[in-house]
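Enquirer: Next comes protein06.csv, CSV, C-alpha atoms:
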```
chain,number,residue,atom,x,y,z
J,1,MET,CA,-81.2,-168.7,-109.3
J,2,GLU,CA,-78.3,-171.0,-108.5
J,3,GLY,CA,-75.6,-169.6,-106.4
J,4,VAL,CA,-77.7,-166.7,-105.1
J,5,ASN,CA,-77.5,-166.5,-101.3
J,6,ILE,CA,-80.5,-164.8,-99.7
J,7,ILE,CA,-80.3,-162.9,-96.4
J,8,ALA,CA,-83.8,-162.8,-94.9
J,9,PRO,CA,-85.2,-159.4,-93.8
J,10,GLN,CA,-83.6,-158.2,-90.6
J,11,SER,CA,-80.9,-160.8,-90.5
J,12,GLY,CA,-77.3,-161.3,-91.6
J,13,ALA,CA,-74.6,-163.6,-93.0
J,14,ALA,CA,-70.9,-164.2,-92.7
J,15,PHE,CA,-68.6,-166.0,-95.2
J,16,GLU,CA,-65.1,-166.2,-96.5
J,17,MET,CA,-63.6,-164.8,-99.7
J,18,ASP,CA,-60.3,-165.5,-101.4
J,19,LYS,CA,-58.2,-162.7,-102.9
J,20,GLY,CA,-59.4,-162.2,-106.4
J,21,ASP,CA,-63.0,-163.3,-105.7
J,22,THR,CA,-65.9,-161.1,-106.6
J,23,LEU,CA,-68.9,-160.3,-104.3
J,24,THR,CA,-72.1,-159.0,-105.9
J,25,VAL,CA,-74.7,-157.6,-103.5
J,26,ILE,CA,-78.1,-157.2,-105.0
J,27,ASP,CA,-81.2,-155.3,-103.7
J,28,PRO,CA,-83.9,-157.6,-105.0
J,29,LEU,CA,-86.9,-155.5,-104.2
J,30,GLY,CA,-85.3,-152.0,-104.0
J,31,LYS,CA,-84.8,-149.5,-101.1
J,32,GLN,CA,-83.0,-151.9,-98.9
J,33,VAL,CA,-79.7,-151.2,-97.1
J,34,SER,CA,-77.0,-153.8,-96.5
J,35,ASP,CA,-74.2,-153.2,-93.9
J,36,MET,CA,-70.9,-154.8,-94.7
J,37,VAL,CA,-67.8,-155.3,-92.5
J,38,LEU,CA,-64.5,-156.9,-93.6
J,39,PHE,CA,-61.7,-158.7,-91.7
J,40,ASN,CA,-58.3,-160.0,-92.9
J,41,ARG,CA,-58.8,-163.8,-92.8
J,42,ALA,CA,-55.1,-164.2,-91.9
J,43,ASP,CA,-55.2,-161.8,-89.0
J,44,LYS,CA,-58.6,-160.6,-87.8
J,45,LYS,CA,-57.2,-157.6,-86.0
J,46,GLU,CA,-57.0,-156.0,-89.4
J,47,ARG,CA,-60.4,-154.8,-90.4
J,48,ILE,CA,-62.2,-152.3,-92.6
J,49,SER,CA,-61.7,-148.6,-91.6
J,50,SER,CA,-64.0,-145.8,-92.6
J,51,GLY,CA,-61.4,-143.3,-91.4
J,52,LYS,CA,-58.6,-144.8,-93.5
J,53,THR,CA,-60.8,-145.2,-96.5
J,54,MET,CA,-62.1,-141.6,-96.5
J,55,ASP,CA,-58.5,-140.4,-96.0
J,56,PHE,CA,-56.9,-142.4,-98.9
J,57,GLU,CA,-59.9,-142.0,-101.3
J,58,GLU,CA,-60.4,-138.3,-100.3
J,59,THR,CA,-64.2,-138.6,-100.4
J,60,ILE,CA,-67.1,-139.3,-98.1
J,61,LEU,CA,-69.0,-141.0,-100.9
J,62,LEU,CA,-67.5,-144.2,-102.2
J,63,THR,CA,-68.6,-145.8,-105.5
J,64,LYS,CA,-67.1,-147.5,-108.6
J,65,GLY,CA,-63.3,-147.1,-108.8
J,66,ASN,CA,-62.9,-146.6,-105.0
J,67,PHE,CA,-61.1,-149.0,-102.7
J,68,LEU,CA,-62.1,-150.0,-99.2
J,69,TRP,CA,-59.0,-149.8,-96.9
J,70,SER,CA,-58.1,-151.4,-93.6
J,71,ASN,CA,-56.9,-150.0,-90.2
J,72,ARG,CA,-53.5,-151.1,-91.4
J,73,SER,CA,-53.6,-149.0,-94.6
J,74,GLN,CA,-54.1,-152.0,-96.9
J,75,LYS,CA,-56.6,-152.3,-99.7
J,76,MET,CA,-59.3,-154.8,-98.8
J,77,MET,CA,-61.7,-154.5,-101.7
J,78,GLU,CA,-62.2,-152.5,-104.9
J,79,ILE,CA,-65.7,-151.4,-106.0
J,80,LYS,CA,-65.9,-152.6,-109.6
J,81,GLU,CA,-69.5,-151.8,-110.4
J,82,ASP,CA,-72.3,-149.8,-108.6
J,83,SER,CA,-75.5,-149.5,-110.5
J,84,ASN,CA,-77.2,-147.3,-107.8
J,85,GLY,CA,-74.2,-145.2,-106.8
J,86,ARG,CA,-75.1,-144.1,-103.3
J,87,ASN,CA,-73.6,-145.7,-100.3
J,88,ASP,CA,-72.7,-144.5,-96.8
J,89,PHE,CA,-69.6,-144.9,-94.7
J,90,LEU,CA,-70.3,-142.4,-91.9
J,91,LEU,CA,-72.7,-144.2,-89.6
J,92,ALA,CA,-72.1,-147.2,-87.3
J,93,PRO,CA,-74.3,-150.3,-87.7
J,94,CYS,CA,-77.7,-149.9,-86.0
J,95,SER,CA,-77.5,-151.5,-82.6
J,96,PRO,CA,-80.0,-152.3,-79.8
J,97,GLU,CA,-79.2,-148.9,-78.4
J,98,THR,CA,-80.0,-147.2,-81.7
J,99,PHE,CA,-83.6,-148.1,-81.3
J,100,LYS,CA,-83.7,-147.0,-77.6
J,101,ILE,CA,-81.9,-143.7,-78.2
J,102,MET,CA,-82.9,-142.6,-81.7
J,103,TYR,CA,-86.3,-144.3,-82.1
J,104,ASN,CA,-87.4,-144.1,-78.4
J,105,ASN,CA,-88.3,-147.9,-78.6
J,106,PRO,CA,-87.4,-149.6,-75.3
J,107,SER,CA,-88.4,-153.2,-76.4
J,108,TYR,CA,-86.3,-155.7,-78.3
J,109,HIS,CA,-85.5,-154.8,-82.0
J,110,PRO,CA,-83.3,-156.7,-84.4
J,111,SER,CA,-80.2,-154.7,-85.4
J,112,CYS,CA,-77.3,-154.9,-87.9
J,113,LEU,CA,-74.8,-155.0,-85.0
J,114,GLU,CA,-76.4,-158.0,-83.5
J,115,ASN,CA,-76.9,-159.7,-86.8
J,116,LEU,CA,-73.2,-159.1,-87.7
J,117,TYR,CA,-72.1,-160.4,-84.4
J,118,LYS,CA,-74.3,-163.5,-84.4
J,119,ASN,CA,-72.8,-164.5,-87.7
J,120,LEU,CA,-69.2,-163.5,-87.1
J,121,MET,CA,-68.9,-165.1,-83.7
J,122,ARG,CA,-68.1,-168.5,-85.4
J,123,TYR,CA,-64.9,-166.7,-86.7
J,124,ASP,CA,-64.1,-165.7,-83.1
J,125,ILE,CA,-64.8,-162.1,-83.8
J,126,GLU,CA,-66.1,-160.2,-80.7
J,127,ILE,CA,-68.9,-157.6,-80.8
J,128,ASP,CA,-66.5,-154.8,-79.7
J,129,GLU,CA,-64.3,-155.6,-82.8
J,130,ILE,CA,-67.1,-154.8,-85.3
J,131,PRO,CA,-66.2,-151.5,-86.8
J,132,THR,CA,-68.3,-148.9,-88.7
J,133,ALA,CA,-69.7,-150.8,-91.6
J,134,PHE,CA,-69.7,-149.9,-95.3
J,135,ASN,CA,-73.4,-149.3,-95.7
J,136,ILE,CA,-74.4,-150.4,-99.2
J,137,PHE,CA,-77.3,-148.5,-100.7
J,138,MET,CA,-77.7,-146.4,-97.6
J,139,ASN,CA,-78.7,-142.8,-98.4
J,140,VAL,CA,-77.3,-140.4,-95.8
J,141,GLN,CA,-77.5,-136.8,-97.0
J,142,PHE,CA,-75.4,-134.0,-95.6
J,143,ASP,CA,-75.2,-130.3,-96.2
J,144,ALA,CA,-72.4,-127.8,-95.8
J,145,THR,CA,-73.1,-127.4,-92.1
J,146,GLY,CA,-72.5,-131.2,-91.7
J,147,LYS,CA,-76.0,-132.0,-90.6
J,148,LEU,CA,-77.0,-135.5,-91.5
J,149,LYS,CA,-80.3,-136.9,-92.7
J,150,VAL,CA,-81.1,-140.5,-93.4
J,151,LEU,CA,-83.4,-140.8,-96.4
J,152,PRO,CA,-84.8,-144.0,-98.1
J,153,PRO,CA,-82.4,-145.6,-100.4
J,154,THR,CA,-82.5,-144.6,-104.1
J,155,SER,CA,-81.8,-148.2,-105.1
J,156,LYS,CA,-84.4,-149.9,-107.3
J,157,GLN,CA,-85.3,-153.6,-107.7
J,158,GLY,CA,-82.2,-155.4,-109.0
J,159,ASP,CA,-79.7,-152.7,-108.3
J,160,LEU,CA,-76.3,-154.2,-107.5
J,161,ILE,CA,-72.8,-153.4,-106.3
J,162,ARG,CA,-69.8,-155.5,-107.2
J,163,PHE,CA,-66.6,-155.8,-105.1
J,164,LYS,CA,-63.3,-157.5,-105.8
J,165,ALA,CA,-61.4,-158.9,-102.8
J,166,GLU,CA,-57.8,-157.5,-102.6
J,167,MET,CA,-56.9,-160.0,-99.8
J,168,ASP,CA,-58.4,-163.2,-98.2
J,169,LEU,CA,-61.4,-162.0,-96.2
J,170,ILE,CA,-64.1,-162.7,-93.7
J,171,VAL,CA,-67.1,-160.8,-94.7
J,172,GLY,CA,-70.1,-159.8,-92.6
J,173,LEU,CA,-73.2,-158.7,-94.4
J,174,THR,CA,-76.8,-157.8,-93.4
J,175,ALA,CA,-80.2,-156.9,-94.6
J,176,CYS,CA,-80.5,-153.8,-92.4
J,177,SER,CA,-83.1,-153.7,-89.6
J,178,ALA,CA,-83.6,-149.9,-89.2
J,179,GLU,CA,-86.9,-148.5,-90.3
J,180,ASP,CA,-85.6,-145.0,-91.3
J,181,SER,CA,-82.8,-146.5,-93.4
J,182,ASN,CA,-85.0,-148.7,-95.6
J,183,GLY,CA,-88.1,-146.6,-96.4
J,184,GLY,CA,-90.1,-148.1,-93.5
J,185,TYR,CA,-90.2,-151.8,-94.3
J,186,PHE,CA,-87.7,-154.7,-94.3
J,187,LYS,CA,-86.7,-156.6,-97.4
J,188,PRO,CA,-84.1,-159.3,-98.1
J,189,ILE,CA,-80.6,-158.9,-99.6
J,190,ASN,CA,-79.2,-161.3,-102.2
J,191,PHE,CA,-75.5,-161.9,-102.8
J,192,ILE,CA,-73.3,-164.0,-105.0
J,193,VAL,CA,-69.6,-164.9,-104.7
J,194,THR,CA,-67.6,-165.8,-107.8
J,195,ASN,CA,-64.0,-166.8,-108.1
J,196,HIS,CA,-61.4,-165.2,-110.3
J,197,GLU,CA,-62.7,-167.2,-113.3
J,198,GLY,CA,-66.2,-166.1,-112.7
J,199,ILE,CA,-67.4,-169.4,-111.4
J,200,ILE,CA,-70.0,-169.2,-108.7
J,201,LYS,CA,-68.8,-170.4,-105.3
J,202,ASP,CA,-71.0,-172.4,-103.0
J,203,ILE,CA,-70.8,-170.6,-99.6
J,204,THR,CA,-73.9,-172.1,-98.1
J,205,LYS,CA,-73.9,-171.6,-94.3
J,206,ASN,CA,-76.5,-171.3,-91.7
J,207,PHE,CA,-77.1,-167.6,-91.9
J,208,GLN,CA,-78.9,-166.0,-88.9
N,1,MET,CA,-48.2,-121.8,-66.3
N,2,GLU,CA,-48.7,-124.3,-63.5
N,3,GLY,CA,-50.7,-127.4,-64.4
N,4,VAL,CA,-50.2,-126.9,-68.2
N,5,ASN,CA,-48.9,-130.0,-69.9
N,6,ILE,CA,-47.0,-129.5,-73.1
N,7,ILE,CA,-47.0,-132.0,-75.9
N,8,ALA,CA,-43.9,-131.3,-78.0
N,9,PRO,CA,-44.3,-130.9,-81.8
N,10,GLN,CA,-44.9,-134.3,-83.6
N,11,SER,CA,-45.3,-136.2,-80.3
N,12,GLY,CA,-48.2,-137.4,-78.1
N,13,ALA,CA,-49.4,-138.1,-74.5
N,14,ALA,CA,-51.7,-140.5,-72.7
N,15,PHE,CA,-53.3,-139.9,-69.3
N,16,GLU,CA,-56.3,-140.8,-67.1
N,17,MET,CA,-59.4,-138.8,-66.3
N,18,ASP,CA,-62.1,-139.4,-63.8
N,19,LYS,CA,-65.8,-139.0,-64.6
N,20,GLY,CA,-66.6,-135.3,-64.1
N,21,ASP,CA,-63.1,-134.1,-64.9
N,22,THR,CA,-62.5,-131.4,-67.5
N,23,LEU,CA,-59.9,-131.5,-70.2
N,24,THR,CA,-58.9,-128.3,-71.9
N,25,VAL,CA,-56.9,-128.6,-75.1
N,26,ILE,CA,-55.1,-125.4,-76.3
N,27,ASP,CA,-53.5,-124.5,-79.5
N,28,PRO,CA,-50.7,-122.2,-78.1
N,29,LEU,CA,-49.4,-120.9,-81.4
N,30,GLY,CA,-52.4,-121.5,-83.8
N,31,LYS,CA,-53.0,-123.8,-86.8
N,32,GLN,CA,-52.1,-127.0,-85.0
N,33,VAL,CA,-54.2,-130.1,-85.0
N,34,SER,CA,-54.5,-132.5,-82.0
N,35,ASP,CA,-55.8,-136.1,-82.5
N,36,MET,CA,-57.7,-137.5,-79.5
N,37,VAL,CA,-58.8,-141.1,-78.7
N,38,LEU,CA,-60.7,-142.2,-75.7
N,39,PHE,CA,-61.0,-145.6,-73.9
N,40,ASN,CA,-63.2,-146.6,-71.0
N,41,ARG,CA,-60.7,-147.1,-68.2
N,42,ALA,CA,-62.8,-149.9,-66.7
N,43,ASP,CA,-62.9,-151.9,-69.9
N,44,LYS,CA,-60.7,-150.8,-72.7
N,45,LYS,CA,-62.7,-152.6,-75.4
N,46,GLU,CA,-65.0,-149.7,-75.1
N,47,ARG,CA,-63.6,-146.8,-77.2
N,48,ILE,CA,-64.6,-143.7,-79.0
N,49,SER,CA,-66.5,-144.3,-82.2
N,50,SER,CA,-66.9,-141.8,-85.1
N,51,GLY,CA,-69.7,-143.9,-86.5
N,52,LYS,CA,-71.7,-143.9,-83.3
N,53,THR,CA,-71.0,-140.2,-82.6
N,54,MET,CA,-72.1,-139.0,-86.1
N,55,ASP,CA,-75.2,-141.3,-85.8
N,56,PHE,CA,-76.4,-140.1,-82.4
N,57,GLU,CA,-75.4,-136.4,-82.9
N,58,GLU,CA,-76.7,-136.4,-86.5
N,59,THR,CA,-73.9,-134.2,-87.8
N,60,ILE,CA,-70.4,-134.6,-89.3
N,61,LEU,CA,-69.2,-131.4,-87.5
N,62,LEU,CA,-69.0,-131.7,-83.7
N,63,THR,CA,-68.7,-128.7,-81.5
N,64,LYS,CA,-70.0,-127.2,-78.2
N,65,GLY,CA,-73.0,-129.1,-77.0
N,66,ASN,CA,-72.2,-132.3,-78.8
N,67,PHE,CA,-71.2,-135.5,-77.1
N,68,LEU,CA,-68.6,-138.0,-78.1
N,69,TRP,CA,-70.0,-141.6,-78.0
N,70,SER,CA,-68.4,-145.0,-77.7
N,71,ASN,CA,-68.8,-148.2,-79.8
N,72,ARG,CA,-71.1,-149.4,-77.0
N,73,SER,CA,-73.4,-146.4,-77.4
N,74,GLN,CA,-72.3,-144.7,-74.2
N,75,LYS,CA,-71.5,-141.0,-73.8
N,76,MET,CA,-67.7,-140.6,-73.2
N,77,MET,CA,-67.3,-136.8,-73.3
N,78,GLU,CA,-69.3,-133.6,-73.7
N,79,ILE,CA,-67.9,-130.6,-75.6
N,80,LYS,CA,-68.5,-127.8,-73.2
N,81,GLU,CA,-66.6,-125.0,-75.0
N,82,ASP,CA,-65.0,-124.6,-78.5
N,83,SER,CA,-63.5,-121.2,-79.3
N,84,ASN,CA,-62.4,-122.2,-82.8
N,85,GLY,CA,-65.4,-124.4,-83.7
N,86,ARG,CA,-63.9,-126.6,-86.5
N,87,ASN,CA,-62.9,-130.1,-85.8
N,88,ASP,CA,-62.9,-133.3,-87.8
N,89,PHE,CA,-64.1,-136.8,-87.1
N,90,LEU,CA,-63.9,-138.3,-90.6
N,91,LEU,CA,-60.2,-139.1,-91.1
N,92,ALA,CA,-58.1,-141.7,-89.3
N,93,PRO,CA,-54.9,-140.6,-87.5
N,94,CYS,CA,-52.0,-140.1,-89.8
N,95,SER,CA,-49.8,-143.3,-89.8
N,96,PRO,CA,-46.4,-144.2,-91.3
N,97,GLU,CA,-48.4,-145.4,-94.4
N,98,THR,CA,-50.1,-142.0,-94.8
N,99,PHE,CA,-46.8,-140.4,-95.6
N,100,LYS,CA,-45.8,-143.2,-98.1
N,101,ILE,CA,-49.2,-143.3,-99.8
N,102,MET,CA,-50.5,-139.7,-99.7
N,103,TYR,CA,-47.2,-137.8,-99.5
N,104,ASN,CA,-45.0,-140.2,-101.6
N,105,ASN,CA,-42.4,-140.1,-98.8
N,106,PRO,CA,-40.7,-143.5,-98.4
N,107,SER,CA,-38.5,-142.6,-95.4
N,108,TYR,CA,-39.4,-142.4,-91.7
N,109,HIS,CA,-41.9,-139.8,-90.7
N,110,PRO,CA,-43.5,-139.3,-87.2
N,111,SER,CA,-47.2,-139.9,-87.2
N,112,CYS,CA,-50.2,-139.5,-84.8
N,113,LEU,CA,-50.9,-143.3,-84.9
N,114,GLU,CA,-47.4,-144.1,-83.8
N,115,ASN,CA,-47.4,-141.3,-81.1
N,116,LEU,CA,-50.8,-142.5,-79.8
N,117,TYR,CA,-49.6,-146.1,-79.7
N,118,LYS,CA,-46.2,-145.3,-78.0
N,119,ASN,CA,-48.1,-143.5,-75.2
N,120,LEU,CA,-51.1,-145.8,-74.9
N,121,MET,CA,-49.0,-149.0,-74.8
N,122,ARG,CA,-48.4,-148.6,-71.0
N,123,TYR,CA,-52.2,-149.1,-70.7
N,124,ASP,CA,-51.9,-152.3,-72.7
N,125,ILE,CA,-53.7,-150.8,-75.7
N,126,GLU,CA,-52.5,-152.4,-79.0
N,127,ILE,CA,-52.0,-150.4,-82.1
N,128,ASP,CA,-54.9,-152.2,-83.9
N,129,GLU,CA,-57.3,-151.0,-81.2
N,130,ILE,CA,-56.7,-147.3,-81.9
N,131,PRO,CA,-59.8,-146.1,-83.6
N,132,THR,CA,-60.4,-143.0,-85.8
N,133,ALA,CA,-59.5,-140.1,-83.6
N,134,PHE,CA,-61.5,-137.0,-82.9
N,135,ASN,CA,-59.3,-134.5,-84.7
N,136,ILE,CA,-59.3,-131.3,-82.7
N,137,PHE,CA,-58.8,-128.1,-84.8
N,138,MET,CA,-58.6,-130.1,-88.0
N,139,ASN,CA,-60.1,-128.4,-91.0
N,140,VAL,CA,-61.5,-131.0,-93.4
N,141,GLN,CA,-63.7,-129.4,-96.0
N,142,PHE,CA,-66.3,-131.3,-98.0
N,143,ASP,CA,-68.7,-130.4,-100.7
N,144,ALA,CA,-72.1,-131.9,-101.8
N,145,THR,CA,-70.2,-134.5,-103.9
N,146,GLY,CA,-68.5,-135.7,-100.7
N,147,LYS,CA,-65.0,-134.7,-102.0
N,148,LEU,CA,-62.6,-134.0,-99.1
N,149,LYS,CA,-59.9,-131.4,-98.8
N,150,VAL,CA,-57.6,-130.9,-95.9
N,151,LEU,CA,-57.0,-127.2,-95.3
N,152,PRO,CA,-54.9,-125.5,-92.6
N,153,PRO,CA,-56.7,-125.1,-89.3
N,154,THR,CA,-58.6,-121.9,-88.7
N,155,SER,CA,-57.5,-122.0,-85.0
N,156,LYS,CA,-55.6,-119.0,-83.7
N,157,GLN,CA,-53.1,-118.6,-80.9
N,158,GLY,CA,-54.8,-119.5,-77.7
N,159,ASP,CA,-57.9,-121.2,-79.2
N,160,LEU,CA,-59.2,-123.9,-76.9
N,161,ILE,CA,-61.7,-126.7,-76.7
N,162,ARG,CA,-63.0,-128.0,-73.4
N,163,PHE,CA,-64.4,-131.5,-72.7
N,164,LYS,CA,-66.2,-133.0,-69.7
N,165,ALA,CA,-65.6,-136.7,-69.0
N,166,GLU,CA,-68.8,-138.7,-68.8
N,167,MET,CA,-67.0,-141.8,-67.6
N,168,ASP,CA,-63.5,-142.8,-66.2
N,169,LEU,CA,-61.2,-142.5,-69.2
N,170,ILE,CA,-57.9,-143.2,-70.7
N,171,VAL,CA,-57.1,-140.4,-73.1
N,172,GLY,CA,-54.6,-140.4,-76.0
N,173,LEU,CA,-53.7,-136.9,-77.4
N,174,THR,CA,-51.2,-135.7,-80.0
N,175,ALA,CA,-49.6,-132.7,-81.6
N,176,CYS,CA,-50.3,-133.8,-85.2
N,177,SER,CA,-47.4,-134.7,-87.4
N,178,ALA,CA,-48.9,-134.3,-90.9
N,179,GLU,CA,-47.7,-131.3,-93.0
N,180,ASP,CA,-51.0,-130.7,-94.8
N,181,SER,CA,-53.1,-130.7,-91.6
N,182,ASN,CA,-51.1,-128.1,-89.8
N,183,GLY,CA,-50.3,-125.4,-92.4
N,184,GLY,CA,-46.9,-126.9,-93.2
N,185,TYR,CA,-45.1,-126.6,-89.9
N,186,PHE,CA,-45.3,-128.4,-86.5
N,187,LYS,CA,-46.2,-126.8,-83.2
N,188,PRO,CA,-46.9,-128.0,-79.7
N,189,ILE,CA,-50.3,-128.6,-78.1
N,190,ASN,CA,-51.0,-127.7,-74.5
N,191,PHE,CA,-53.6,-129.3,-72.2
N,192,ILE,CA,-54.9,-129.0,-68.7
N,193,VAL,CA,-57.0,-131.5,-66.7
N,194,THR,CA,-59.1,-130.1,-63.8
N,195,ASN,CA,-61.4,-132.1,-61.4
N,196,HIS,CA,-65.1,-131.4,-60.8
N,197,GLU,CA,-64.2,-128.6,-58.4
N,198,GLY,CA,-62.0,-126.9,-61.0
N,199,ILE,CA,-58.7,-127.8,-59.3
N,200,ILE,CA,-55.9,-128.6,-61.6
N,201,LYS,CA,-54.7,-132.2,-61.6
N,202,ASP,CA,-51.1,-133.1,-61.8
N,203,ILE,CA,-50.9,-135.7,-64.5
N,204,THR,CA,-47.2,-135.5,-65.2
N,205,LYS,CA,-46.0,-138.5,-67.1
N,206,ASN,CA,-43.2,-139.2,-69.5
N,207,PHE,CA,-44.9,-138.2,-72.7
N,208,GLN,CA,-43.3,-139.4,-75.9
```
Show the structure stored in the file as structure tokens.
Expert:
Amino acid sequence: MEGVNIIAPQSGAAFEMDKGDTLTVIDPLGKQVSDMVLFNRADKKERISSGKTMDFEETILLTKGNFLWSNRSQKMMEIKEDSNGRNDFLLAPCSPETFKIMYNNPSYHPSCLENLYKNLMRYDIEIDEIPTAFNIFMNVQFDATGKLKVLPPTSKQGDLIRFKAEMDLIVGLTACSAEDSNGGYFKPINFIVTNHEGIIKDITKNFQ
Amino acid sequence: MEGVNIIAPQSGAAFEMDKGDTLTVIDPLGKQVSDMVLFNRADKKERISSGKTMDFEETILLTKGNFLWSNRSQKMMEIKEDSNGRNDFLLAPCSPETFKIMYNNPSYHPSCLENLYKNLMRYDIEIDEIPTAFNIFMNVQFDATGKLKVLPPTSKQGDLIRFKAEMDLIVGLTACSAEDSNGGYFKPINFIVTNHEGIIKDITKNFQ
């Protein structure tokens, strides 16, 4: 479909949005997580903050109607639609060390942190500046004791989440590389950006 | 008592620790939160990460036996003792905007973010680099729907938490300034740093 950008399995993308644009992230096959980070395009020291978002929204679980906030207490995005309804904002993007420490895998493994960094570096964003991502479709369960368990996503083929940009943004987005987060196999993530009139924007870049 | 450093109500402190040192944070009067942030003294781009910590420790609620991890997946501290047992790592430090947005208070109000920044600036740490803090004694309750409620701390007079440094650190520490987090009134926080032989270190600085 025209205007649909495809993030290949275990890879990522970075692109720009204008205030008022809409980003639609689609899970084309189901059970696939997508990590998203946001930076203020006018000043990249302002970025998405899990701590500010959970504080202002007063919830761990963000869905339709909630806003994503920055470290400077500004609204960055609003969630306008969320057909699956389960996302995570607790856990940091999987990184090379995740696979060494949690999976006991000493060899090279693709990761969201690396895929975010590889795509965001053309915006002069350093790896240490990549914050905890908003983990679309990620199914992290918790109980009253706080114990966390990562389960396969509940998202089905074609499930989508729609965000409206509240400021000019740089967006980093992945098709997550962690076995346990994605039901054991890796799938693509699709996304579309439309402007305030609903017209699809061409944001073709060399995604990595 | 000799070697006890006092953070006045609604203020903060910053100081250095060597690997192997122990930090003891005491709630001298009870029901008082203390926000703590950590930076690698050798490279301040490495800092405490709520997302990495909850990922590696597989829990929202950190207490004795848990480690605090950095954005580079390194252990920064181990919690060796925790007489109260309830801390928070979900919510960002209260900031000037917290009081405008959550408390509907348009006038000046002291905040943890400002108190961390005022003390950390002598280490060339910028306000945008201050991450979500480990909120000692903070009592944030959540239910299965993820909804968050900030209740008064359960800490009593003399409750303490003890951390061992796993690397050379710069530490920012506050006596929290938010009404709802502290049972409605503001108290001091005491702390002691000892070296690996248990000898108290003199870390006197001009705390603000």
Enquirer: Between N:Arg86, N:Arg47, N:Lys75, N:Lys118, which one has atoms that come closest to Pro152 of chain N, using only C-alpha atoms?
Expert: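 Distance minimum relative to Pro152 of chain N lands on N:Arg86.
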Enquirer: Atom CA of Trp69 of chain J to atom CA of Ile101 of chain N: how many Å, to one decimal?
Expert: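 Atom CA of Ile101 of chain N lies at a distance of 12.1 Å from atom CA of Trp69 of chain J.
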Enquirer: Give me, as a tab-separated table, each residue of chain J that comes within 10 Å of chain N, together with its shortest interatomic pair and the distance in Å at one decimal, counting all atoms listed in the file, with rows ordered by chain and rising residue number.
Expert:
```
residue	atom	partner	partner_atom	distance
J:Lys44	CA	N:Asp128	CA	10.0
J:Lys45	CA	N:Asp128	CA	6.2
J:Glu46	CA	N:Asp128	CA	7.0
J:Arg47	CA	N:Asp128	CA	8.9
J:Ser49	CA	N:Ala92	CA	8.1
J:Ser50	CA	N:Leu90	CA	7.8
J:Gly51	CA	N:Ala92	CA	4.2
J:Lys52	CA	N:Ala92	CA	5.2
J:Thr53	CA	N:Leu91	CA	8.2
J:Met54	CA	N:Leu91	CA	6.2
J:Asp55	CA	N:Leu91	CA	5.3
J:Phe56	CA	N:Met102	CA	7.0
J:Glu57	CA	N:Leu148	CA	8.7
J:Glu58	CA	N:Leu148	CA	5.0
J:Thr59	CA	N:Lys147	CA	4.3
J:Ile60	CA	N:Gly146	CA	4.7
J:Leu61	CA	N:Gly146	CA	5.3
J:Leu62	CA	N:Gly146	CA	8.7
J:Asn71	CA	N:Asp128	CA	7.0
J:Arg72	CA	N:Asp128	CA	7.7
J:Ser73	CA	N:Glu97	CA	6.3
J:Gln74	CA	N:Glu97	CA	9.1
J:Phe89	CA	N:Gly51	CA	8.3
J:Leu90	CA	N:Gly51	CA	5.6
J:Leu91	CA	N:Gly51	CA	4.3
J:Ala92	CA	N:Gly51	CA	4.2
J:Pro93	CA	N:Gly51	CA	8.0
J:Cys94	CA	N:Lys52	CA	8.9
J:Ser95	CA	N:Ser73	CA	8.4
J:Pro96	CA	N:Ser73	CA	9.2
J:Glu97	CA	N:Ser73	CA	6.4
J:Thr98	CA	N:Ser73	CA	7.9
J:Ile101	CA	N:Phe56	CA	7.8
J:Met102	CA	N:Phe56	CA	7.0
J:Glu126	CA	N:Lys45	CA	9.9
J:Ile127	CA	N:Arg72	CA	9.3
J:Asp128	CA	N:Lys45	CA	6.1
J:Glu129	CA	N:Lys45	CA	8.1
J:Ile130	CA	N:Asn71	CA	8.8
J:Pro131	CA	N:Asn71	CA	8.2
J:Thr132	CA	N:Gly51	CA	5.6
J:Ala133	CA	N:Gly51	CA	8.6
J:Gln141	CA	N:Ala144	CA	8.7
J:Phe142	CA	N:Ala144	CA	7.3
J:Asp143	CA	N:Ala144	CA	6.6
J:Ala144	CA	N:Asp143	CA	6.7
J:Thr145	CA	N:Leu61	CA	7.2
J:Gly146	CA	N:Ile60	CA	4.7
J:Lys147	CA	N:Thr59	CA	4.1
J:Leu148	CA	N:Thr59	CA	5.0
J:Lys149	CA	N:Glu58	CA	7.2
J:Val150	CA	N:Glu58	CA	9.2
```
Enquirer: Smallest atom-to-atom distance to Lys164 of chain N: which of N:Ile48, N:Leu29, N:Leu38, N:Met76, using all atoms listed in the file?
Expert: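 When distances to Lys164 of chain N are compared using all atoms listed in the file, the smallest one comes from N:Met76.
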Enquirer: Report as a PyMOL selection string all protein, DNA and RNA residues lying within 6 Å of Thr24 of chain J, evaluated on only C-alpha atoms, omitting residues in the same chain fewer than 4 positions from it.
Expert: chain J and resi 161-162+191-192
Enquirer: Hey, can you spit out that residue selection with C-alpha atoms as a PDB file, keeping the file's coordinate frame?
Expert:
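This is the output file selection12.pdb:
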```pdb
ATOM      1  CA  ILE J 161     -72.800-153.400-106.300  1.00  0.00           C
ATOM      2  CA  ARG J 162     -69.800-155.500-107.200  1.00  0.00           C
ATOM      3  CA  PHE J 191     -75.500-161.900-102.800  1.00  0.00           C
ATOM      4  CA  ILE J 192     -73.300-164.000-105.000  1.00  0.00           C
TER       5      ILE J 192
END
```
Enquirer: From the set N:Ile200, N:Ala178, N:Leu23, N:Leu169, which residue has the shortest atom-to-atom contact distance to Lys100 of chain N, counting all atoms listed in the file?
Expert: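 The closest residue to Lys100 of chain N is N:Ala178.
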